[in-house]
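Trainee: So that you have it, the file is upload_26.pdb, and it contains PDB, C-alpha atoms and all ligand atoms:
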ATOM      1  CA  MET A   1      -6.878 -34.400  -3.266  1.00  0.00           C
ATOM      2  CA  SER A   2      -8.190 -32.319  -6.168  1.00  0.00           C
ATOM      3  CA  LYS A   3      -5.922 -31.051  -8.930  1.00  0.00           C
ATOM      4  CA  GLU A   4      -6.152 -27.528  -7.549  1.00  0.00           C
ATOM      5  CA  GLY A   5      -5.136 -28.773  -4.135  1.00  0.00           C
ATOM      6  CA  LYS A   6      -1.923 -30.409  -5.327  1.00  0.00           C
ATOM      7  CA  MET A   7       1.417 -28.799  -4.789  1.00  0.00           C
ATOM      8  CA  ASN A   8       2.728 -26.429  -7.349  1.00  0.00           C
ATOM      9  CA  CYS A   9       6.429 -27.184  -7.917  1.00  0.00           C
ATOM     10  CA  GLY A  10       7.609 -23.640  -7.313  1.00  0.00           C
ATOM     11  CA  ARG A  11       5.186 -22.796  -4.603  1.00  0.00           C
ATOM     12  CA  ARG A  12       4.830 -25.599  -2.170  1.00  0.00           C
ATOM     13  CA  GLN A  13       1.760 -25.428  -0.116  1.00  0.00           C
ATOM     14  CA  LEU A  14       2.886 -25.769   3.452  1.00  0.00           C
ATOM     15  CA  ILE A  15      -0.211 -25.775   5.536  1.00  0.00           C
ATOM     16  CA  VAL A  16       0.915 -26.439   9.036  1.00  0.00           C
ATOM     17  CA  ALA A  17      -1.934 -26.108  11.400  1.00  0.00           C
ATOM     18  CA  THR A  18      -5.471 -25.019  11.970  1.00  0.00           C
ATOM     19  CA  ALA A  19      -6.707 -23.240  15.027  1.00  0.00           C
ATOM     20  CA  ALA A  20     -10.099 -23.062  16.564  1.00  0.00           C
ATOM     21  CA  ALA A  21     -13.052 -20.889  15.650  1.00  0.00           C
ATOM     22  CA  GLY A  22     -15.509 -18.757  17.531  1.00  0.00           C
ATOM     23  CA  GLY A  23     -13.257 -17.227  20.114  1.00  0.00           C
ATOM     24  CA  VAL A  24     -11.777 -20.492  21.351  1.00  0.00           C
ATOM     25  CA  GLY A  25      -8.013 -20.483  21.948  1.00  0.00           C
ATOM     26  CA  ALA A  26      -5.787 -21.441  19.044  1.00  0.00           C
ATOM     27  CA  VAL A  27      -4.383 -24.938  18.894  1.00  0.00           C
ATOM     28  CA  THR A  28      -1.335 -25.514  16.732  1.00  0.00           C
ATOM     29  CA  THR A  29       0.046 -28.803  15.461  1.00  0.00           C
ATOM     30  CA  MET A  30       3.269 -28.758  13.504  1.00  0.00           C
ATOM     31  CA  VAL A  31       3.713 -31.087  10.525  1.00  0.00           C
ATOM     32  CA  PRO A  32       7.271 -32.196   9.642  1.00  0.00           C
ATOM     33  CA  PHE A  33       6.947 -31.317   5.980  1.00  0.00           C
ATOM     34  CA  LEU A  34      10.654 -30.963   5.132  1.00  0.00           C
ATOM     35  CA  SER A  35      11.869 -34.389   6.191  1.00  0.00           C
ATOM     36  CA  SER A  36      11.098 -36.127   2.899  1.00  0.00           C
ATOM     37  CA  MET A  37      12.789 -33.553   0.632  1.00  0.00           C
ATOM     38  CA  LEU A  38      16.257 -33.675  -0.899  1.00  0.00           C
ATOM     39  CA  PRO A  39      18.711 -31.052   0.473  1.00  0.00           C
ATOM     40  CA  SER A  40      18.403 -28.759  -2.568  1.00  0.00           C
ATOM     41  CA  GLU A  41      14.622 -28.980  -2.459  1.00  0.00           C
ATOM     42  CA  ARG A  42      14.728 -28.280   1.230  1.00  0.00           C
ATOM     43  CA  ALA A  43      16.825 -25.141   0.725  1.00  0.00           C
ATOM     44  CA  LYS A  44      14.463 -23.945  -1.986  1.00  0.00           C
ATOM     45  CA  ALA A  45      11.403 -24.618   0.130  1.00  0.00           C
ATOM     46  CA  ALA A  46      12.901 -22.804   3.114  1.00  0.00           C
ATOM     47  CA  GLY A  47      12.766 -19.483   1.265  1.00  0.00           C
ATOM     48  CA  ALA A  48       9.985 -20.216  -1.187  1.00  0.00           C
ATOM     49  CA  PRO A  49       6.640 -18.465  -1.149  1.00  0.00           C
ATOM     50  CA  VAL A  50       3.834 -20.464   0.400  1.00  0.00           C
ATOM     51  CA  GLU A  51       0.494 -20.825  -1.337  1.00  0.00           C
ATOM     52  CA  VAL A  52      -2.569 -21.327   0.824  1.00  0.00           C
ATOM     53  CA  ASP A  53      -6.253 -21.913   0.102  1.00  0.00           C
ATOM     54  CA  VAL A  54      -8.223 -19.605   2.386  1.00  0.00           C
ATOM     55  CA  GLY A  55     -11.624 -20.397   0.885  1.00  0.00           C
ATOM     56  CA  ASN A  56     -12.796 -22.473   3.838  1.00  0.00           C
ATOM     57  CA  LEU A  57     -11.619 -20.198   6.599  1.00  0.00           C
ATOM     58  CA  ALA A  58     -14.725 -19.211   8.551  1.00  0.00           C
ATOM     59  CA  PRO A  59     -15.105 -15.911  10.435  1.00  0.00           C
ATOM     60  CA  GLY A  60     -13.259 -16.200  13.738  1.00  0.00           C
ATOM     61  CA  GLN A  61     -10.938 -18.945  12.461  1.00  0.00           C
ATOM     62  CA  LEU A  62      -7.174 -18.711  12.485  1.00  0.00           C
ATOM     63  CA  LEU A  63      -4.915 -20.855  10.318  1.00  0.00           C
ATOM     64  CA  THR A  64      -1.178 -21.105  10.908  1.00  0.00           C
ATOM     65  CA  VAL A  65       1.263 -21.854   8.087  1.00  0.00           C
ATOM     66  CA  GLU A  66       5.030 -21.879   8.118  1.00  0.00           C
ATOM     67  CA  TRP A  67       7.012 -19.505   5.916  1.00  0.00           C
ATOM     68  CA  ARG A  68      10.777 -19.173   6.175  1.00  0.00           C
ATOM     69  CA  GLY A  69      10.673 -21.043   9.456  1.00  0.00           C
ATOM     70  CA  LYS A  70       8.209 -18.603  10.994  1.00  0.00           C
ATOM     71  CA  PRO A  71       4.564 -19.148  11.936  1.00  0.00           C
ATOM     72  CA  VAL A  72       2.283 -16.980   9.833  1.00  0.00           C
ATOM     73  CA  TRP A  73      -1.268 -16.516  11.026  1.00  0.00           C
ATOM     74  CA  ILE A  74      -4.086 -16.174   8.549  1.00  0.00           C
ATOM     75  CA  PHE A  75      -6.986 -14.897  10.553  1.00  0.00           C
ATOM     76  CA  ASN A  76     -10.506 -14.390   9.255  1.00  0.00           C
ATOM     77  CA  ARG A  77     -11.802 -11.623  11.499  1.00  0.00           C
ATOM     78  CA  SER A  78     -15.529 -11.450  12.103  1.00  0.00           C
ATOM     79  CA  THR A  79     -17.411  -8.189  11.626  1.00  0.00           C
ATOM     80  CA  GLU A  80     -17.556  -7.769  15.391  1.00  0.00           C
ATOM     81  CA  MET A  81     -13.786  -8.225  15.663  1.00  0.00           C
ATOM     82  CA  LEU A  82     -13.176  -5.669  12.921  1.00  0.00           C
ATOM     83  CA  GLU A  83     -15.420  -3.161  14.667  1.00  0.00           C
ATOM     84  CA  THR A  84     -13.124  -3.161  17.695  1.00  0.00           C
ATOM     85  CA  LEU A  85     -10.193  -1.780  15.676  1.00  0.00           C
ATOM     86  CA  ALA A  86     -11.481   1.785  15.425  1.00  0.00           C
ATOM     87  CA  LYS A  87     -12.006   2.028  19.194  1.00  0.00           C
ATOM     88  CA  LEU A  88      -8.434   1.432  20.303  1.00  0.00           C
ATOM     89  CA  ASP A  89      -6.257   4.236  18.939  1.00  0.00           C
ATOM     90  CA  ASP A  90      -5.562   5.875  22.304  1.00  0.00           C
ATOM     91  CA  ALA A  91      -4.480   2.592  23.855  1.00  0.00           C
ATOM     92  CA  LEU A  92      -2.015   1.586  21.137  1.00  0.00           C
ATOM     93  CA  VAL A  93       1.666   2.415  20.596  1.00  0.00           C
ATOM     94  CA  ASP A  94       1.381   2.769  16.835  1.00  0.00           C
ATOM     95  CA  PRO A  95      -2.311   2.783  15.893  1.00  0.00           C
ATOM     96  CA  LYS A  96      -1.674   3.881  12.320  1.00  0.00           C
ATOM     97  CA  SER A  97       1.186   1.430  11.866  1.00  0.00           C
ATOM     98  CA  GLU A  98       3.600   4.194  10.952  1.00  0.00           C
ATOM     99  CA  LYS A  99       6.620   2.117  11.984  1.00  0.00           C
ATOM    100  CA  LYS A 100       6.269   0.193   8.741  1.00  0.00           C
ATOM    101  CA  GLN A 101       5.712  -3.251  10.183  1.00  0.00           C
ATOM    102  CA  GLN A 102       3.713  -4.144   7.081  1.00  0.00           C
ATOM    103  CA  PRO A 103       4.003  -3.882   3.276  1.00  0.00           C
ATOM    104  CA  ASP A 104       2.441  -0.831   1.603  1.00  0.00           C
ATOM    105  CA  SER A 105      -0.519  -2.942   0.493  1.00  0.00           C
ATOM    106  CA  CYS A 106      -1.469  -3.319   4.168  1.00  0.00           C
ATOM    107  CA  ALA A 107      -0.799   0.236   5.356  1.00  0.00           C
ATOM    108  CA  ASN A 108      -4.433   0.823   6.245  1.00  0.00           C
ATOM    109  CA  ALA A 109      -6.831   0.621   9.193  1.00  0.00           C
ATOM    110  CA  THR A 110      -7.110  -3.180   9.119  1.00  0.00           C
ATOM    111  CA  ARG A 111      -3.440  -3.862   8.210  1.00  0.00           C
ATOM    112  CA  SER A 112      -4.605  -6.198   5.463  1.00  0.00           C
ATOM    113  CA  ILE A 113      -5.361  -6.476   1.749  1.00  0.00           C
ATOM    114  CA  LYS A 114      -8.803  -7.984   2.299  1.00  0.00           C
ATOM    115  CA  PRO A 115     -10.427  -6.209   5.257  1.00  0.00           C
ATOM    116  CA  ASN A 116     -11.385  -9.412   7.066  1.00  0.00           C
ATOM    117  CA  LEU A 117      -8.217 -11.443   6.439  1.00  0.00           C
ATOM    118  CA  LEU A 118      -5.232 -10.586   8.599  1.00  0.00           C
ATOM    119  CA  VAL A 119      -1.938 -12.176   7.529  1.00  0.00           C
ATOM    120  CA  VAL A 120       0.659 -11.631  10.215  1.00  0.00           C
ATOM    121  CA  ILE A 121       3.774 -13.285  11.617  1.00  0.00           C
ATOM    122  CA  GLY A 122       2.830 -14.858  14.951  1.00  0.00           C
ATOM    123  CA  ILE A 123       6.011 -13.889  16.794  1.00  0.00           C
ATOM    124  CA  CYS A 124       6.059 -11.286  19.552  1.00  0.00           C
ATOM    125  CA  THR A 125       8.204  -8.277  18.671  1.00  0.00           C
ATOM    126  CA  HIS A 126       9.697  -8.204  22.173  1.00  0.00           C
ATOM    127  CA  LEU A 127      11.799 -11.376  22.475  1.00  0.00           C
ATOM    128  CA  GLY A 128      10.149 -13.704  20.018  1.00  0.00           C
ATOM    129  CA  CYS A 129       7.618 -15.769  21.965  1.00  0.00           C
ATOM    130  CA  SER A 130       4.405 -16.851  20.296  1.00  0.00           C
ATOM    131  CA  PRO A 131       1.341 -14.890  21.469  1.00  0.00           C
ATOM    132  CA  SER A 132      -1.839 -16.774  22.377  1.00  0.00           C
ATOM    133  CA  SER A 133      -5.362 -16.116  21.156  1.00  0.00           C
ATOM    134  CA  LYS A 134      -7.512 -14.105  23.539  1.00  0.00           C
ATOM    135  CA  PHE A 135     -10.513 -13.663  21.313  1.00  0.00           C
ATOM    136  CA  LYS A 136     -13.208 -13.270  23.946  1.00  0.00           C
ATOM    137  CA  LYS A 137     -13.958  -9.992  25.654  1.00  0.00           C
ATOM    138  CA  GLY A 138     -12.699  -9.035  29.122  1.00  0.00           C
ATOM    139  CA  ILE A 139     -12.733 -11.424  32.031  1.00  0.00           C
ATOM    140  CA  GLU A 140     -14.329 -14.167  29.909  1.00  0.00           C
ATOM    141  CA  ASP A 141     -10.823 -14.788  28.587  1.00  0.00           C
ATOM    142  CA  GLY A 142      -8.971 -13.950  31.792  1.00  0.00           C
ATOM    143  CA  MET A 143      -8.191 -10.429  30.609  1.00  0.00           C
ATOM    144  CA  PRO A 144      -9.016  -6.970  32.071  1.00  0.00           C
ATOM    145  CA  PRO A 145     -12.677  -5.868  31.779  1.00  0.00           C
ATOM    146  CA  GLU A 146     -11.891  -3.365  29.009  1.00  0.00           C
ATOM    147  CA  TRP A 147     -10.284  -6.044  26.792  1.00  0.00           C
ATOM    148  CA  LEU A 148     -12.014  -6.267  23.397  1.00  0.00           C
ATOM    149  CA  GLY A 149     -10.124  -9.285  22.084  1.00  0.00           C
ATOM    150  CA  GLY A 150      -6.785  -9.964  20.438  1.00  0.00           C
ATOM    151  CA  PHE A 151      -3.579 -11.739  21.402  1.00  0.00           C
ATOM    152  CA  LEU A 152      -1.508 -12.003  24.579  1.00  0.00           C
ATOM    153  CA  CYS A 153       2.156 -12.929  24.717  1.00  0.00           C
ATOM    154  CA  PRO A 154       2.613 -15.373  27.618  1.00  0.00           C
ATOM    155  CA  CYS A 155       6.280 -14.490  28.173  1.00  0.00           C
ATOM    156  CA  HIS A 156       6.133 -10.902  29.428  1.00  0.00           C
ATOM    157  CA  GLY A 157       2.542  -9.831  28.875  1.00  0.00           C
ATOM    158  CA  SER A 158       2.583  -7.827  25.652  1.00  0.00           C
ATOM    159  CA  SER A 159      -0.878  -7.656  24.156  1.00  0.00           C
ATOM    160  CA  PHE A 160      -2.006  -7.030  20.600  1.00  0.00           C
ATOM    161  CA  ASP A 161      -5.358  -6.187  19.060  1.00  0.00           C
ATOM    162  CA  PHE A 162      -7.098  -8.024  16.202  1.00  0.00           C
ATOM    163  CA  ALA A 163      -4.801  -6.242  13.722  1.00  0.00           C
ATOM    164  CA  GLY A 164      -1.640  -7.240  15.577  1.00  0.00           C
ATOM    165  CA  ARG A 165      -1.106  -3.710  16.934  1.00  0.00           C
ATOM    166  CA  VAL A 166       0.670  -3.590  20.268  1.00  0.00           C
ATOM    167  CA  PHE A 167      -0.881  -1.942  23.328  1.00  0.00           C
ATOM    168  CA  LYS A 168       0.920   0.792  25.265  1.00  0.00           C
ATOM    169  CA  ASN A 169       3.002   0.122  28.392  1.00  0.00           C
ATOM    170  CA  LYS A 170       4.001  -3.352  27.267  1.00  0.00           C
ATOM    171  CA  PRO A 171       7.507  -4.608  26.519  1.00  0.00           C
ATOM    172  CA  ALA A 172       6.951  -5.282  22.802  1.00  0.00           C
ATOM    173  CA  PRO A 173       8.109  -2.151  20.929  1.00  0.00           C
ATOM    174  CA  THR A 174       6.225  -2.562  17.664  1.00  0.00           C
ATOM    175  CA  ASN A 175       3.182  -4.103  16.062  1.00  0.00           C
ATOM    176  CA  LEU A 176       3.369  -7.690  14.818  1.00  0.00           C
ATOM    177  CA  GLU A 177       5.001  -7.928  11.413  1.00  0.00           C
ATOM    178  CA  VAL A 178       2.874  -8.440   8.311  1.00  0.00           C
ATOM    179  CA  PRO A 179       4.807 -10.482   5.713  1.00  0.00           C
ATOM    180  CA  PRO A 180       4.718  -9.709   1.991  1.00  0.00           C
ATOM    181  CA  HIS A 181       1.735 -11.457   0.459  1.00  0.00           C
ATOM    182  CA  THR A 182      -0.744 -11.251  -2.372  1.00  0.00           C
ATOM    183  CA  TYR A 183      -3.887 -13.008  -3.623  1.00  0.00           C
ATOM    184  CA  LEU A 184      -3.543 -15.107  -6.778  1.00  0.00           C
ATOM    185  CA  THR A 185      -7.320 -15.586  -6.937  1.00  0.00           C
ATOM    186  CA  GLU A 186     -10.229 -14.795  -4.632  1.00  0.00           C
ATOM    187  CA  THR A 187      -9.247 -17.677  -2.349  1.00  0.00           C
ATOM    188  CA  ARG A 188      -5.570 -18.466  -3.138  1.00  0.00           C
ATOM    189  CA  LEU A 189      -3.168 -16.554  -0.933  1.00  0.00           C
ATOM    190  CA  LEU A 190       0.564 -16.405  -1.671  1.00  0.00           C
ATOM    191  CA  ILE A 191       2.790 -15.580   1.297  1.00  0.00           C
ATOM    192  CA  GLY A 192       6.285 -14.337   0.513  1.00  0.00           C
ATOM    193  CA  GLU A 193       5.623 -12.216  -2.554  1.00  0.00           C
ATOM    194  CA  ASP A 194       4.010  -8.833  -2.901  1.00  0.00           C
ATOM    195  CA  LYS A 195       2.939  -8.995  -6.491  1.00  0.00           C
ATOM    196  CA  LYS A 196       0.792 -11.468  -8.326  1.00  0.00           C
ATOM    197  CA  GLY A 197       2.984 -13.772 -10.400  1.00  0.00           C
ATOM    198  CA  ALA A 198       6.213 -12.070  -9.300  1.00  0.00           C
TER     199      ALA A 198
HETATM  200  S1  LIG B   1       8.483 -12.032  24.237  1.00  0.00           S
HETATM  201 FE1  LIG B   1       6.457 -11.302  24.150  1.00  0.00          FE
HETATM  202  S2  LIG B   1       6.326  -9.935  25.777  1.00  0.00           S
HETATM  203 FE2  LIG B   1       8.368 -10.627  25.843  1.00  0.00          FE
END
Give the structure from the file, written as structure tokens.

Mentor:
Amino acid sequence: MSKEGKMNCGRRQLIVATAAAGGVGAVTTMVPFLSSMLPSERAKAAGAPVEVDVGNLAPGQLLTVEWRGKPVWIFNRSTEMLETLAKLDDALVDPKSEKKQQPDSCANATRSIKPNLLVVIGICTHLGCSPSSKFKKGIEDGMPPEWLGGFLCPCHGSSFDFAGRVFKNKPAPTNLEVPPHTYLTETRLLIGEDKKGA
């Protein structure tokens, strides 16, 4: 591992899983990263920010990391995926994300700091199941013909677009939550803090 890739004492890099690219369903594999730590280290790590290298994340790829015991998706949306966002306002509960399910830095049309990179907690806002990737359009992914791509919660059918915004007439009340995060460099993402070096 290169120097840059090694763990920083205060900010342990906790990469947990990588999911598939190009519209293929996400596959998640958990890594038991806490088992080798002392109790005090474990407690610190449980609330610590998580630093992630996003430099190799290709368009269409989704990476899952764990932060505070929750799965956080880092999703590099392709241009085509981003183009779907402006077409969905009428179908969404909170298209402008006015219910504050994201930090101020992400209160915009893409719900992100970098337009292509969505950072969002992968837990359904209904009862906490983990939504699945449904990146292909319509019936190709077993969805209705008008489906443009996004996520589907397998528990009670809530669906979310590529910005984690929930569709109308579904049980989930709000958009997926965007955690505090910032970019330390062009490719180093820090999840858990809003400000660089805070
Ligand atoms: S937990 Fe997701 S729809 Fe109920």

Trainee: Separation of atom CA of Leu63 of chain A and atom CA of Asn76 of chain A, in Å?

Mentor: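 Separation between atom CA of Leu63 of chain A and atom CA of Asn76 of chain A: 8.6 Å.
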
Trainee: Quick one: contact table of chain A to ligand LIG 1 (chain B), 12 Å max, nearest atom pair and distance in Å to one decimal per residue, counting all atoms listed in the file, chain and number order, as a Markdown table?

Mentor:
| residue | atom | partner | partner_atom | distance |
| --- | --- | --- | --- | --- |
| A:Gly122 | CA | B:LIG1 | FE1 | 10.5 |
| A:Ile123 | CA | B:LIG1 | FE1 | 7.8 |
| A:Cys124 | CA | B:LIG1 | FE1 | 4.6 |
| A:Thr125 | CA | B:LIG1 | FE1 | 6.5 |
| A:His126 | CA | B:LIG1 | S1 | 4.5 |
| A:Leu127 | CA | B:LIG1 | S1 | 3.8 |
| A:Gly128 | CA | B:LIG1 | S1 | 4.8 |
| A:Cys129 | CA | B:LIG1 | S1 | 4.5 |
| A:Ser130 | CA | B:LIG1 | FE1 | 7.1 |
| A:Pro131 | CA | B:LIG1 | FE1 | 6.8 |
| A:Ser132 | CA | B:LIG1 | FE1 | 10.1 |
| A:Phe151 | CA | B:LIG1 | FE1 | 10.4 |
| A:Leu152 | CA | B:LIG1 | FE1 | 8.0 |
| A:Cys153 | CA | B:LIG1 | FE1 | 4.6 |
| A:Pro154 | CA | B:LIG1 | FE1 | 6.6 |
| A:Cys155 | CA | B:LIG1 | FE2 | 5.0 |
| A:His156 | CA | B:LIG1 | S2 | 3.8 |
| A:Gly157 | CA | B:LIG1 | S2 | 4.9 |
| A:Ser158 | CA | B:LIG1 | S2 | 4.3 |
| A:Ser159 | CA | B:LIG1 | S2 | 7.7 |
| A:Phe160 | CA | B:LIG1 | FE1 | 10.1 |
| A:Val166 | CA | B:LIG1 | S2 | 10.1 |
| A:Phe167 | CA | B:LIG1 | S2 | 11.0 |
| A:Asn169 | CA | B:LIG1 | S2 | 10.9 |
| A:Lys170 | CA | B:LIG1 | S2 | 7.1 |
| A:Pro171 | CA | B:LIG1 | S2 | 5.5 |
| A:Ala172 | CA | B:LIG1 | S2 | 5.6 |
| A:Pro173 | CA | B:LIG1 | S2 | 9.3 |
| A:Thr174 | CA | B:LIG1 | FE1 | 10.9 |
| A:Asn175 | CA | B:LIG1 | FE1 | 11.3 |
| A:Leu176 | CA | B:LIG1 | FE1 | 10.5 |

Trainee: Would you list the contacts of Leu148 of chain A as a PyMOL selection string, taking every protein, DNA or RNA residue within 8 Å and counting all atoms listed in the file, but skipping same-chain residues closer than 5 positions in sequence?

Mentor: chain A and resi 84+135-138+161

Trainee: In Å, how far is it from atom CA of Asp194 of chain A to atom CA of Cys106 of chain A?

Mentor: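 Computed distance, atom CA of Asp194 of chain A to atom CA of Cys106 of chain A, equals 10.5 Å.
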
Trainee: When distances are computed from all atoms listed in the file, which of A:Glu186, A:Lys195, A:Leu82, A:Gly69 shows the smallest separation from Ser112 of chain A?

Mentor: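 Of the candidates, the smallest distance to Ser112 of chain A is held by A:Leu82.
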
Trainee: What separation in Å, quoted to one decimal, exists between atom CA of Ala58 of chain A and atom CA of Ser97 of chain A?

Mentor: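 Atom CA of Ser97 of chain A lies 26.3 Å from atom CA of Ala58 of chain A.
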